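Student: Just upload-v9.json, nothing more (JSON, C-alpha atoms and all ligand atoms):
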```
[["chain", "number", "residue", "atom", "x", "y", "z"],
["A", 252, "ALA", "CA", 72.53, 67.44, 225.08],
["A", 253, "THR", "CA", 73.59, 63.84, 224.98],
["A", 254, "PRO", "CA", 76.68, 62.65, 226.86],
["A", 255, "THR", "CA", 78.41, 62.48, 223.47],
["A", 256, "ALA", "CA", 77.66, 66.14, 222.79],
["A", 257, "ILE", "CA", 79.00, 67.05, 226.19],
["A", 258, "MET", "CA", 82.18, 65.06, 225.61],
["A", 259, "VAL", "CA", 82.73, 66.64, 222.21],
["A", 260, "GLY", "CA", 82.17, 70.09, 223.71],
["A", 261, "THR", "CA", 84.48, 69.47, 226.64],
["A", 262, "GLY", "CA", 87.27, 68.12, 224.44],
["A", 263, "ARG", "CA", 87.05, 71.01, 222.01],
["A", 264, "GLY", "CA", 86.83, 73.44, 224.91],
["A", 265, "ALA", "CA", 90.18, 72.23, 226.19],
["A", 266, "ALA", "CA", 91.62, 72.70, 222.71],
["A", 267, "ALA", "CA", 90.26, 76.28, 222.63],
["A", 268, "GLY", "CA", 91.72, 77.11, 226.05],
["A", 269, "ILE", "CA", 88.46, 76.76, 227.94],
["A", 270, "LEU", "CA", 88.47, 74.50, 230.98],
["A", 271, "VAL", "CA", 84.98, 73.05, 231.29],
["A", 272, "LYS", "CA", 83.90, 72.26, 234.85],
["A", 273, "ASN", "CA", 80.19, 72.33, 234.13],
["A", 274, "ALA", "CA", 79.31, 70.92, 230.69],
["A", 275, "GLU", "CA", 75.66, 71.93, 231.04],
["A", 276, "ALA", "CA", 76.74, 75.54, 231.40],
["A", 277, "LEU", "CA", 78.71, 75.26, 228.15],
["A", 278, "GLU", "CA", 75.54, 73.92, 226.54],
["A", 279, "ARG", "CA", 73.59, 76.97, 227.76],
["A", 280, "ALA", "CA", 76.16, 79.34, 226.27],
["A", 281, "GLU", "CA", 74.43, 78.93, 222.91],
["A", 282, "LYS", "CA", 71.60, 81.23, 223.97],
["A", 283, "LEU", "CA", 73.58, 83.92, 225.80],
["A", 284, "LYS", "CA", 72.10, 87.41, 225.54],
["A", 285, "VAL", "CA", 74.26, 89.34, 228.02],
["A", 286, "LEU", "CA", 77.84, 89.08, 229.30],
["A", 287, "ALA", "CA", 78.58, 90.97, 232.51],
["A", 288, "VAL", "CA", 82.32, 91.59, 232.93],
["A", 289, "ASP", "CA", 84.26, 92.78, 235.91],
["A", 290, "LYS", "CA", 86.67, 95.62, 235.05],
["A", 291, "THR", "CA", 89.86, 95.14, 237.05],
["A", 292, "GLY", "CA", 91.71, 91.96, 236.13],
["A", 293, "THR", "CA", 89.08, 90.87, 233.62],
["A", 294, "LEU", "CA", 88.89, 93.65, 231.01],
["A", 295, "THR", "CA", 92.17, 95.07, 232.27],
["A", 296, "ARG", "CA", 95.43, 93.24, 232.88],
["A", 297, "GLY", "CA", 95.10, 93.35, 236.65],
["A", 298, "GLU", "CA", 98.62, 94.76, 236.97],
["A", 299, "PRO", "CA", 97.96, 98.26, 238.27],
["A", 300, "ALA", "CA", 100.88, 100.68, 238.56],
["A", 301, "VAL", "CA", 101.19, 104.15, 240.09],
["A", 302, "THR", "CA", 101.46, 106.80, 237.35],
["A", 303, "ASP", "CA", 100.93, 110.12, 239.15],
["A", 304, "ILE", "CA", 101.24, 111.47, 242.67],
["A", 305, "VAL", "CA", 99.66, 114.85, 243.36],
["A", 306, "ALA", "CA", 100.77, 116.32, 246.70],
["A", 307, "LEU", "CA", 98.43, 118.89, 248.23],
["A", 308, "GLY", "CA", 100.52, 120.98, 250.61],
["A", 309, "THR", "CA", 103.13, 118.32, 251.39],
["A", 310, "GLY", "CA", 105.73, 116.36, 249.40],
["A", 311, "GLU", "CA", 105.08, 113.56, 246.90],
["A", 312, "ASP", "CA", 107.28, 111.12, 248.79],
["A", 313, "GLU", "CA", 105.46, 111.82, 252.05],
["A", 314, "VAL", "CA", 102.10, 111.16, 250.38],
["A", 315, "LEU", "CA", 103.44, 107.88, 249.01],
["A", 316, "ALA", "CA", 105.13, 106.81, 252.27],
["A", 317, "LEU", "CA", 101.95, 107.41, 254.32],
["A", 318, "ALA", "CA", 99.83, 105.64, 251.70],
["A", 319, "ALA", "CA", 102.21, 102.65, 251.70],
["A", 320, "ALA", "CA", 102.09, 102.48, 255.51],
["A", 321, "LEU", "CA", 98.29, 102.20, 255.28],
["A", 322, "GLU", "CA", 98.37, 99.63, 252.47],
["A", 323, "GLN", "CA", 100.93, 97.22, 253.99],
["A", 324, "GLY", "CA", 98.14, 95.10, 255.50],
["A", 325, "SER", "CA", 95.88, 95.15, 252.42],
["A", 326, "GLU", "CA", 95.70, 92.51, 249.70],
["A", 327, "HIS", "CA", 93.91, 94.77, 247.21],
["A", 328, "PRO", "CA", 95.54, 95.13, 243.75],
["A", 329, "LEU", "CA", 95.71, 98.91, 244.36],
["A", 330, "ALA", "CA", 97.70, 98.25, 247.54],
["A", 331, "ARG", "CA", 100.23, 96.19, 245.57],
["A", 332, "ALA", "CA", 100.70, 99.13, 243.18],
["A", 333, "VAL", "CA", 101.27, 101.61, 246.02],
["A", 334, "LEU", "CA", 103.73, 99.28, 247.78],
["A", 335, "ALA", "CA", 105.66, 98.62, 244.55],
["A", 336, "GLU", "CA", 106.09, 102.38, 243.98],
["A", 337, "GLN", "CA", 107.19, 102.97, 247.58],
["A", 338, "LYS", "CA", 109.80, 100.24, 247.14],
["A", 339, "ALA", "CA", 110.91, 101.62, 243.76],
["A", 340, "ARG", "CA", 111.50, 105.03, 245.34],
["A", 341, "GLY", "CA", 113.37, 103.48, 248.26],
["A", 342, "LEU", "CA", 111.08, 104.97, 250.90],
["A", 343, "ALA", "CA", 111.16, 103.57, 254.44],
["A", 344, "MET", "CA", 108.13, 101.64, 255.68],
["A", 345, "GLN", "CA", 106.40, 103.23, 258.65],
["A", 346, "ALA", "CA", 104.30, 101.34, 261.20],
["A", 347, "VAL", "CA", 100.51, 101.55, 261.22],
["A", 348, "SER", "CA", 98.15, 100.99, 264.13],
["A", 349, "GLY", "CA", 94.38, 100.53, 264.17],
["A", 350, "PHE", "CA", 94.43, 99.34, 260.55],
["A", 351, "ALA", "CA", 91.07, 98.60, 258.93],
["A", 352, "ALA", "CA", 90.11, 97.77, 255.35],
["A", 353, "VAL", "CA", 86.66, 98.91, 254.26],
["A", 354, "ALA", "CA", 85.55, 96.79, 251.28],
["A", 355, "GLY", "CA", 84.79, 98.80, 248.17],
["A", 356, "HIS", "CA", 86.08, 102.01, 249.78],
["A", 357, "GLY", "CA", 89.67, 101.85, 251.03],
["A", 358, "VAL", "CA", 91.87, 101.53, 254.10],
["A", 359, "GLU", "CA", 92.41, 103.54, 257.28],
["A", 360, "GLY", "CA", 94.73, 103.62, 260.28],
["A", 361, "THR", "CA", 97.10, 105.73, 262.35],
["A", 362, "VAL", "CA", 100.67, 106.44, 261.18],
["A", 363, "SER", "CA", 103.05, 108.56, 263.33],
["A", 364, "SER", "CA", 100.06, 109.63, 265.47],
["A", 365, "ARG", "CA", 98.22, 110.87, 262.37],
["A", 366, "ALA", "CA", 94.70, 109.48, 261.74],
["A", 367, "LEU", "CA", 94.67, 108.73, 258.00],
["A", 368, "LEU", "CA", 92.56, 107.15, 255.31],
["A", 369, "LEU", "CA", 93.31, 106.17, 251.73],
["A", 370, "GLY", "CA", 90.52, 105.31, 249.35],
["A", 371, "SER", "CA", 88.00, 106.38, 246.76],
["A", 372, "PRO", "CA", 87.30, 110.11, 246.34],
["A", 373, "PHE", "CA", 83.65, 109.40, 247.15],
["A", 374, "TRP", "CA", 84.55, 107.74, 250.46],
["A", 375, "ALA", "CA", 87.08, 110.46, 251.35],
["A", 376, "ALA", "CA", 84.39, 113.08, 250.68],
["A", 377, "GLU", "CA", 81.94, 111.16, 252.87],
["A", 378, "ARG", "CA", 84.56, 111.39, 255.63],
["A", 379, "GLY", "CA", 84.85, 115.13, 255.09],
["A", 380, "ALA", "CA", 87.82, 115.39, 252.70],
["A", 381, "THR", "CA", 86.41, 116.70, 249.44],
["A", 382, "VAL", "CA", 88.85, 117.19, 246.57],
["A", 383, "GLU", "CA", 87.83, 120.05, 244.33],
["A", 384, "ASN", "CA", 90.62, 119.79, 241.88],
["A", 385, "GLY", "CA", 90.48, 119.62, 238.09],
["A", 386, "VAL", "CA", 93.46, 117.26, 238.24],
["A", 387, "LEU", "CA", 91.26, 114.54, 239.80],
["A", 388, "ALA", "CA", 88.75, 114.62, 236.93],
["A", 389, "ALA", "CA", 91.53, 114.80, 234.33],
["A", 390, "LEU", "CA", 93.27, 111.70, 235.70],
["A", 391, "GLN", "CA", 89.99, 109.78, 235.92],
["A", 392, "GLY", "CA", 89.21, 110.80, 232.34],
["A", 393, "GLN", "CA", 92.35, 108.91, 231.31],
["A", 394, "GLY", "CA", 90.86, 105.73, 232.81],
["A", 395, "LYS", "CA", 93.09, 105.90, 235.88],
["A", 396, "THR", "CA", 91.85, 104.99, 239.34],
["A", 397, "VAL", "CA", 92.54, 107.87, 241.72],
["A", 398, "VAL", "CA", 92.73, 107.33, 245.48],
["A", 399, "VAL", "CA", 92.77, 110.12, 248.05],
["A", 400, "LEU", "CA", 95.04, 110.26, 251.10],
["A", 401, "ALA", "CA", 93.26, 112.23, 253.82],
["A", 402, "GLU", "CA", 94.05, 113.14, 257.41],
["A", 403, "GLN", "CA", 91.59, 113.73, 260.20],
["A", 404, "GLN", "CA", 92.60, 117.03, 261.81],
["A", 405, "ALA", "CA", 91.09, 119.18, 264.54],
["A", 406, "GLY", "CA", 89.17, 121.34, 262.08],
["A", 407, "GLY", "CA", 87.93, 118.36, 259.99],
["A", 408, "SER", "CA", 89.41, 116.06, 257.35],
["A", 409, "VAL", "CA", 92.00, 117.37, 254.91],
["A", 410, "ALA", "CA", 93.16, 115.79, 251.65],
["A", 411, "LEU", "CA", 96.97, 115.42, 251.66],
["A", 412, "GLY", "CA", 97.30, 114.05, 248.17],
["A", 413, "LEU", "CA", 96.08, 111.99, 245.23],
["A", 414, "ILE", "CA", 97.61, 108.84, 243.83],
["A", 415, "ALA", "CA", 96.65, 107.82, 240.29],
["A", 416, "ILE", "CA", 96.94, 104.17, 239.35],
["A", 417, "ALA", "CA", 96.65, 102.83, 235.80],
["A", 418, "ASP", "CA", 95.72, 99.31, 234.81],
["A", 419, "PRO", "CA", 95.70, 99.04, 231.01],
["A", 420, "LEU", "CA", 93.19, 96.99, 229.02],
["A", 421, "ARG", "CA", 94.19, 93.47, 228.15],
["A", 422, "GLU", "CA", 95.26, 93.37, 224.52],
["A", 423, "SER", "CA", 92.42, 91.01, 223.61],
["A", 424, "SER", "CA", 89.59, 92.89, 225.35],
["A", 425, "LYS", "CA", 88.52, 95.28, 222.60],
["A", 426, "ALA", "CA", 88.41, 92.65, 219.86],
["A", 427, "ALA", "CA", 86.59, 90.21, 222.15],
["A", 428, "VAL", "CA", 83.92, 92.79, 223.00],
["A", 429, "ALA", "CA", 83.41, 93.53, 219.28],
["A", 430, "ARG", "CA", 83.18, 89.81, 218.48],
["A", 431, "LEU", "CA", 80.62, 89.22, 221.24],
["A", 432, "GLN", "CA", 78.54, 92.18, 220.10],
["A", 433, "ALA", "CA", 78.61, 90.77, 216.55],
["A", 434, "LEU", "CA", 77.29, 87.48, 217.99],
["A", 435, "GLY", "CA", 74.35, 89.43, 219.46],
["A", 436, "VAL", "CA", 75.64, 89.46, 223.05],
["A", 437, "GLU", "CA", 75.35, 92.71, 225.00],
["A", 438, "VAL", "CA", 78.49, 93.32, 227.09],
["A", 439, "VAL", "CA", 77.96, 95.12, 230.41],
["A", 440, "MET", "CA", 80.88, 96.21, 232.62],
["A", 441, "LEU", "CA", 80.50, 96.08, 236.43],
["A", 442, "THR", "CA", 83.02, 97.85, 238.66],
["A", 443, "GLY", "CA", 83.49, 99.24, 242.11],
["A", 444, "ASP", "CA", 85.55, 102.04, 240.61],
["A", 445, "ASN", "CA", 84.16, 105.56, 240.18],
["A", 446, "ARG", "CA", 81.99, 106.62, 237.24],
["A", 447, "ALA", "CA", 84.55, 108.74, 235.36],
["A", 448, "THR", "CA", 87.27, 106.06, 235.42],
["A", 449, "ALA", "CA", 84.71, 103.38, 234.50],
["A", 450, "ALA", "CA", 83.43, 105.47, 231.58],
["A", 451, "ALA", "CA", 86.94, 105.91, 230.18],
["A", 452, "ILE", "CA", 87.81, 102.19, 230.39],
["A", 453, "ALA", "CA", 84.41, 101.17, 228.97],
["A", 454, "ALA", "CA", 84.95, 103.52, 226.02],
["A", 455, "GLN", "CA", 88.42, 102.06, 225.39],
["A", 456, "ALA", "CA", 86.90, 98.57, 225.32],
["A", 457, "GLY", "CA", 83.94, 99.57, 223.10],
["A", 458, "ILE", "CA", 81.38, 99.04, 225.86],
["A", 459, "THR", "CA", 78.42, 101.43, 226.13],
["A", 460, "HIS", "CA", 76.58, 99.90, 229.10],
["A", 461, "PHE", "CA", 78.44, 99.95, 232.42],
["A", 462, "GLU", "CA", 77.66, 100.17, 236.12],
["A", 463, "ALA", "CA", 80.16, 101.98, 238.37],
["A", 464, "GLU", "CA", 80.55, 102.28, 242.15],
["A", 465, "VAL", "CA", 79.04, 98.82, 242.61],
["A", 466, "LEU", "CA", 79.94, 97.67, 246.14],
["A", 467, "PRO", "CA", 81.46, 94.16, 246.36],
["A", 468, "GLY", "CA", 78.28, 92.77, 247.95],
["A", 469, "ASP", "CA", 76.09, 94.24, 245.19],
["A", 470, "LYS", "CA", 77.65, 92.65, 242.09],
["A", 471, "ALA", "CA", 75.47, 89.51, 242.39],
["A", 472, "ALA", "CA", 72.33, 91.68, 242.59],
["A", 473, "ALA", "CA", 73.47, 93.54, 239.46],
["A", 474, "VAL", "CA", 73.70, 90.20, 237.63],
["A", 475, "GLN", "CA", 70.23, 89.21, 238.89],
["A", 476, "LYS", "CA", 68.88, 92.50, 237.54],
["A", 477, "LEU", "CA", 70.34, 91.79, 234.09],
["A", 478, "LYS", "CA", 68.49, 88.41, 234.12],
["A", 479, "GLN", "CA", 65.12, 90.16, 234.32],
["A", 480, "GLY", "CA", 62.82, 89.25, 231.45],
["A", 481, "GLY", "CA", 64.36, 85.80, 231.24],
["A", 482, "ARG", "CA", 67.52, 86.88, 229.43],
["A", 483, "LEU", "CA", 70.35, 84.37, 229.66],
["A", 484, "VAL", "CA", 73.23, 86.14, 231.41],
["A", 485, "ALA", "CA", 76.89, 85.16, 231.69],
["A", 486, "MET", "CA", 79.44, 86.70, 234.03],
["A", 487, "ALA", "CA", 83.21, 86.86, 233.64],
["A", 488, "GLY", "CA", 85.38, 87.78, 236.62],
["A", 489, "ASP", "CA", 88.69, 87.19, 238.32],
["A", 490, "GLY", "CA", 88.47, 88.39, 241.91],
["A", 491, "ILE", "CA", 87.47, 86.92, 245.26],
["A", 492, "ASN", "CA", 84.76, 89.62, 245.24],
["A", 493, "ASP", "CA", 83.36, 88.25, 241.98],
["A", 494, "ALA", "CA", 82.48, 84.75, 243.28],
["A", 495, "PRO", "CA", 78.88, 85.59, 244.34],
["A", 496, "ALA", "CA", 78.20, 87.33, 240.99],
["A", 497, "LEU", "CA", 79.65, 84.33, 239.11],
["A", 498, "ALA", "CA", 77.33, 82.05, 241.10],
["A", 499, "ALA", "CA", 74.34, 84.27, 240.26],
["A", 500, "ALA", "CA", 74.93, 84.06, 236.49],
["A", 501, "ASP", "CA", 73.46, 81.40, 234.15],
["A", 502, "VAL", "CA", 76.94, 80.74, 232.75],
["A", 503, "SER", "CA", 80.12, 81.85, 234.52],
["A", 504, "PHE", "CA", 83.67, 82.33, 233.32],
["A", 505, "ALA", "CA", 86.76, 82.79, 235.50],
["A", 506, "MET", "CA", 89.97, 84.28, 234.19],
["A", 507, "GLY", "CA", 92.71, 81.64, 234.38],
["A", 508, "ALA", "CA", 95.02, 84.15, 236.05],
["A", 509, "GLY", "CA", 92.32, 85.06, 238.58],
["A", 510, "SER", "CA", 91.80, 84.15, 242.22],
["A", 511, "ASP", "CA", 91.14, 80.57, 243.35],
["A", 512, "ALA", "CA", 87.74, 81.71, 244.62],
["A", 513, "ALA", "CA", 86.70, 82.87, 241.14],
["A", 514, "VAL", "CA", 87.98, 79.70, 239.45],
["A", 515, "GLU", "CA", 86.13, 77.56, 242.01],
["A", 516, "ALA", "CA", 82.88, 79.48, 241.59],
["A", 517, "ALA", "CA", 82.92, 79.47, 237.77],
["A", 518, "ASP", "CA", 81.48, 76.91, 235.33],
["A", 519, "LEU", "CA", 84.23, 77.56, 232.80],
["A", 520, "THR", "CA", 87.78, 78.90, 233.09],
["A", 521, "LEU", "CA", 89.44, 80.94, 230.35],
["A", 522, "VAL", "CA", 92.89, 79.40, 230.60],
["A", 523, "LYS", "CA", 94.64, 82.25, 228.76],
["A", 524, "SER", "CA", 92.62, 84.96, 230.57],
["A", 525, "ASP", "CA", 91.37, 86.02, 227.15],
["A", 526, "LEU", "CA", 87.73, 87.16, 226.85],
["A", 527, "MET", "CA", 87.72, 85.94, 223.26],
["A", 528, "GLY", "CA", 87.26, 82.56, 224.96],
["A", 529, "VAL", "CA", 83.65, 83.54, 225.74],
["A", 530, "ALA", "CA", 82.98, 83.95, 222.01],
["A", 531, "HIS", "CA", 84.68, 80.57, 221.43],
["A", 532, "ALA", "CA", 82.44, 78.99, 224.06],
["A", 533, "ILE", "CA", 79.33, 80.31, 222.30],
["A", 534, "ALA", "CA", 80.56, 79.02, 218.94],
["A", 535, "LEU", "CA", 81.46, 75.68, 220.50],
["A", 536, "SER", "CA", 78.07, 75.39, 222.14],
["A", 537, "ARG", "CA", 76.28, 76.09, 218.86],
["A", 538, "ALA", "CA", 78.47, 73.70, 216.88],
["A", 539, "THR", "CA", 78.22, 70.87, 219.41],
["A", 540, "LEU", "CA", 74.45, 71.08, 219.69],
["A", 541, "SER", "CA", 73.84, 71.31, 215.95],
["A", 542, "LYS", "CA", 76.03, 68.27, 215.37],
["A", 543, "ILE", "CA", 73.87, 66.14, 217.68],
["A", 544, "ARG", "CA", 70.46, 67.41, 216.57],
["B", 1, "LIG", "P1", 86.84, 96.88, 241.67],
["B", 1, "LIG", "O1", 85.44, 96.38, 241.51],
["B", 1, "LIG", "O2", 87.21, 97.83, 240.57],
["B", 1, "LIG", "O3", 87.85, 95.76, 241.81],
["B", 1, "LIG", "P2", 86.72, 97.52, 244.59],
["B", 1, "LIG", "O4", 85.28, 97.26, 244.90],
["B", 1, "LIG", "O5", 87.71, 96.54, 245.12],
["B", 1, "LIG", "O6", 86.91, 97.78, 243.00],
["B", 1, "LIG", "O7", 87.11, 98.95, 245.16],
["B", 1, "LIG", "C1", 86.39, 100.11, 244.77],
["B", 1, "LIG", "C2", 87.18, 101.35, 245.06],
["B", 1, "LIG", "O8", 87.46, 101.44, 246.47],
["B", 1, "LIG", "C3", 88.54, 101.40, 244.39],
["B", 1, "LIG", "O9", 88.45, 101.92, 243.08],
["B", 1, "LIG", "C4", 89.29, 102.36, 245.33],
["B", 1, "LIG", "O10", 88.95, 103.70, 245.04],
["B", 1, "LIG", "C5", 88.74, 102.00, 246.69],
["B", 1, "LIG", "N1", 89.58, 101.00, 247.38],
["B", 1, "LIG", "C6", 89.23, 99.74, 247.73],
["B", 1, "LIG", "N2", 90.24, 99.12, 248.36],
["B", 1, "LIG", "C7", 91.26, 99.99, 248.42],
["B", 1, "LIG", "C8", 92.62, 99.95, 248.93],
["B", 1, "LIG", "N3", 93.13, 98.89, 249.55],
["B", 1, "LIG", "N4", 93.37, 101.05, 248.78],
["B", 1, "LIG", "C9", 92.90, 102.13, 248.17],
["B", 1, "LIG", "N5", 91.65, 102.24, 247.65],
["B", 1, "LIG", "C10", 90.85, 101.20, 247.78],
["B", 2, "MG", "MG", 88.57, 92.08, 239.15]]
```
Mind turning the file's structure into C-alpha cells?
Tutor:
Amino acid sequence: ATPTAIMVGTGRGAAAGILVKNAEALERAEKLKVLAVDKTGTLTRGEPAVTDIVALGTGEDEVLALAAALEQGSEHPLARAVLAEQKARGLAMQAVSGFAAVAGHGVEGTVSSRALLLGSPFWAAERGATVENGVLAALQGQGKTVVVLAEQQAGGSVALGLIAIADPLRESSKAAVARLQALGVEVVMLTGDNRATAAAIAAQAGITHFEAEVLPGDKAAAVQKLKQGGRLVAMAGDGINDAPALAAADVSFAMGAGSDAAVEAADLTLVKSDLMGVAHAIALSRATLSKIR
C-alpha cells in the first residue's frame, strides 16, 4: 500500500482500539485465513481463581497450604490463584527448599521434609502419581484446569489432592470467534492445558479446532504448521510464552492487558484485550486497500 493507505489504516486502527506497530502487517490482515489464539489470558480473562479442592486422604487446608508453599516462587497465573486462596483462608505460609519450576508442567520442591510436586495430571502421572478419580474428569469437563499435589514416598508417588482453577471466557470471545468465522477465518486454539479442559473451553467459545498439551517451546512450531500450503496465519496471545509464536505468525496481535514480551513481539496490540479487534483489523485492512486501489 501507499504511505497514505498506511497512514489512514494506522489512524483508524487507533480509533478502533488497535495499536499499529507494523503497518505492513495490518495490510496483510486482509488475506487472513487462520487465527491461532492462546487460551489463557487471550480467550479467557486471565484471572484464574480456585473453585474446588479435593483432598485425598488429608485435609483441604493442608493440600492448599502445601500447594501455596510450592507456588510462592512461581509467576504462573495458576500460582497467583493458589496463593490468593491460601491468603483468603488465612493459612500460614510454609518455607520451601529445592524449588524448581518446570515449564508447561508445574513446580516442585521440599516442604517440611516432604518431597512434593504440583502440576498437570499428565506430569504427576509421569512422576508416578496417577489419579484415577471421576472427579478429575468431571472438573476438567467444566473447563477448569486441575492441578495435582503429589508426594514422593518410600513406596512411590502418592497424590495428596486436586486443586481446580477456573478462568472464565472473556465476554467478547464467543462473538469475536463467530464474527471471524463469518469473515472466512478459521480460529484455532493453542494451549498447554490438558485435552479435556481445552475441549470444554473451545466448545464454550465456538471453536472446533484446538491443540492441547502444547509445550511452551512448541507453540511457534504449531503456528508454522498452520502456515503450510501458504495460508496466511495470524496469532493472538498475551503471555511471555507466546512471544515466539507471535513472531512466527504472518500477522500478530497482543492483548493490551498481556505481558510486555507479548506486546513487544506483536505487530498489533488490541488495546481493550478484545478479540473482536482482529475482525476490525481485517475490515480496516480491506477498507484501506480498496480506497487506494
Ligand atoms: P497455558 O498454555 O494454558 O498458559 P502452560 O504451558 O503455562 O499453560 O502450562 C501447562 C500446564 O502445566 C498447566 O495447565 C498446569 O497443569 C501445569 N503448570 C504449569 N505451571 C504450573 C504452576 N506454576 N503450578 C501448577 N501447574 C502448573
Ligand atoms: Mg496466555
Student: Extract, using all atoms listed in the file, all DNA, RNA and protein residues at most 8 Å from Leu315 of chain A, discarding same-chain residues fewer than 6 positions from it, and format them as an MDAnalysis selection string.
Tutor: chainID A and resid 304 333 336:337 414
Student: Can those selected residues be exported to a file as a compact mmCIF listing (two decimals), keeping the file's coordinate frame so that it contains C-alpha atoms?
Tutor:
```txt
# COMPACT_ATOMS: atom_id res chain seq x y z
CA ILE A 304 101.24 111.47 242.67
CA VAL A 333 101.27 101.61 246.02
CA GLU A 336 106.09 102.38 243.98
CA GLN A 337 107.19 102.97 247.58
CA ILE A 414 97.61 108.84 243.83
```
Student: Please write out the residues within 9 Å of ligand LIG 1 (chain B) as a PDB file with C-alpha atoms, in the coordinates of the input, counting all atoms listed in the file.
Tutor:
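Output file pocket-v8.pdb follows:
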```pdb
ATOM      1  CA  ASP A 289      84.260  92.780 235.910  1.00  0.00           C
ATOM      2  CA  LYS A 290      86.670  95.620 235.050  1.00  0.00           C
ATOM      3  CA  THR A 291      89.860  95.140 237.050  1.00  0.00           C
ATOM      4  CA  GLY A 292      91.710  91.960 236.130  1.00  0.00           C
ATOM      5  CA  ALA A 318      99.830 105.640 251.700  1.00  0.00           C
ATOM      6  CA  LEU A 321      98.290 102.200 255.280  1.00  0.00           C
ATOM      7  CA  GLU A 322      98.370  99.630 252.470  1.00  0.00           C
ATOM      8  CA  GLY A 324      98.140  95.100 255.500  1.00  0.00           C
ATOM      9  CA  SER A 325      95.880  95.150 252.420  1.00  0.00           C
ATOM     10  CA  GLU A 326      95.700  92.510 249.700  1.00  0.00           C
ATOM     11  CA  HIS A 327      93.910  94.770 247.210  1.00  0.00           C
ATOM     12  CA  PRO A 328      95.540  95.130 243.750  1.00  0.00           C
ATOM     13  CA  LEU A 329      95.710  98.910 244.360  1.00  0.00           C
ATOM     14  CA  ALA A 330      97.700  98.250 247.540  1.00  0.00           C
ATOM     15  CA  ARG A 331     100.230  96.190 245.570  1.00  0.00           C
ATOM     16  CA  VAL A 333     101.270 101.610 246.020  1.00  0.00           C
ATOM     17  CA  ALA A 352      90.110  97.770 255.350  1.00  0.00           C
ATOM     18  CA  VAL A 353      86.660  98.910 254.260  1.00  0.00           C
ATOM     19  CA  ALA A 354      85.550  96.790 251.280  1.00  0.00           C
ATOM     20  CA  GLY A 355      84.790  98.800 248.170  1.00  0.00           C
ATOM     21  CA  HIS A 356      86.080 102.010 249.780  1.00  0.00           C
ATOM     22  CA  GLY A 357      89.670 101.850 251.030  1.00  0.00           C
ATOM     23  CA  VAL A 358      91.870 101.530 254.100  1.00  0.00           C
ATOM     24  CA  GLU A 359      92.410 103.540 257.280  1.00  0.00           C
ATOM     25  CA  LEU A 368      92.560 107.150 255.310  1.00  0.00           C
ATOM     26  CA  LEU A 369      93.310 106.170 251.730  1.00  0.00           C
ATOM     27  CA  GLY A 370      90.520 105.310 249.350  1.00  0.00           C
ATOM     28  CA  SER A 371      88.000 106.380 246.760  1.00  0.00           C
ATOM     29  CA  PRO A 372      87.300 110.110 246.340  1.00  0.00           C
ATOM     30  CA  PHE A 373      83.650 109.400 247.150  1.00  0.00           C
ATOM     31  CA  TRP A 374      84.550 107.740 250.460  1.00  0.00           C
ATOM     32  CA  THR A 396      91.850 104.990 239.340  1.00  0.00           C
ATOM     33  CA  VAL A 397      92.540 107.870 241.720  1.00  0.00           C
ATOM     34  CA  VAL A 398      92.730 107.330 245.480  1.00  0.00           C
ATOM     35  CA  VAL A 399      92.770 110.120 248.050  1.00  0.00           C
ATOM     36  CA  LEU A 400      95.040 110.260 251.100  1.00  0.00           C
ATOM     37  CA  LEU A 441      80.500  96.080 236.430  1.00  0.00           C
ATOM     38  CA  THR A 442      83.020  97.850 238.660  1.00  0.00           C
ATOM     39  CA  GLY A 443      83.490  99.240 242.110  1.00  0.00           C
ATOM     40  CA  ASP A 444      85.550 102.040 240.610  1.00  0.00           C
ATOM     41  CA  ASN A 445      84.160 105.560 240.180  1.00  0.00           C
ATOM     42  CA  THR A 448      87.270 106.060 235.420  1.00  0.00           C
ATOM     43  CA  ALA A 449      84.710 103.380 234.500  1.00  0.00           C
ATOM     44  CA  ALA A 463      80.160 101.980 238.370  1.00  0.00           C
ATOM     45  CA  GLU A 464      80.550 102.280 242.150  1.00  0.00           C
ATOM     46  CA  VAL A 465      79.040  98.820 242.610  1.00  0.00           C
ATOM     47  CA  LEU A 466      79.940  97.670 246.140  1.00  0.00           C
ATOM     48  CA  PRO A 467      81.460  94.160 246.360  1.00  0.00           C
ATOM     49  CA  GLY A 468      78.280  92.770 247.950  1.00  0.00           C
ATOM     50  CA  LYS A 470      77.650  92.650 242.090  1.00  0.00           C
ATOM     51  CA  GLY A 490      88.470  88.390 241.910  1.00  0.00           C
ATOM     52  CA  ASN A 492      84.760  89.620 245.240  1.00  0.00           C
ATOM     53  CA  ASP A 493      83.360  88.250 241.980  1.00  0.00           C
TER      54      ASP A 493
END
```
Student: List the spatial neighbours of Leu307 of chain A as a list in words - criterion: any atom at most 8 Å away, all atoms listed in the file, same-chain residues fewer than 4 positions off excluded.
Tutor: Ala410, Leu411, Gly412 and Leu413 of chain A
Student: Could the centre and edge lengths of an axis-aligned box, enclosing all atoms of segment 349-361 of chain A in the file with 4 Å extra on each side, be given in Å to one decimal as AutoDock Vina command-line options?
Tutor:
```
--center_x 90.9 --center_y 101.3 --center_z 256.2 --size_x 20.3 --size_y 16.9 --size_z 24.0
```
Student: Quick one: distance from atom CA of Ala516 of chain A to atom CA of Gly480 of chain A in Å, one decimal?
Tutor: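 These atoms are spaced 24.5 Å apart.
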Student: Of the residues A:Arg279, A:Arg421, A:Lys476, A:Arg296, which is the one nearest to ligand MG 2 (chain B), using all atoms listed in the file?
Tutor: A:Arg296
Student: Go through A:Leu294, A:Val271, A:Ile458, A:Leu334 and flag the residue nearest Val436 of chain A, using only C-alpha atoms for the distances.
Tutor: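 Distance minimum relative to Val436 of chain A lands on A:Ile458.
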Student: Please indicate the distance in Å from atom CA of Leu521 of chain A to atom CA of Ala508 of chain A, rounded to one decimal place.
Tutor: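 So the two atoms, atom CA of Leu521 of chain A and atom CA of Ala508 of chain A, lie 8.6 Å apart.
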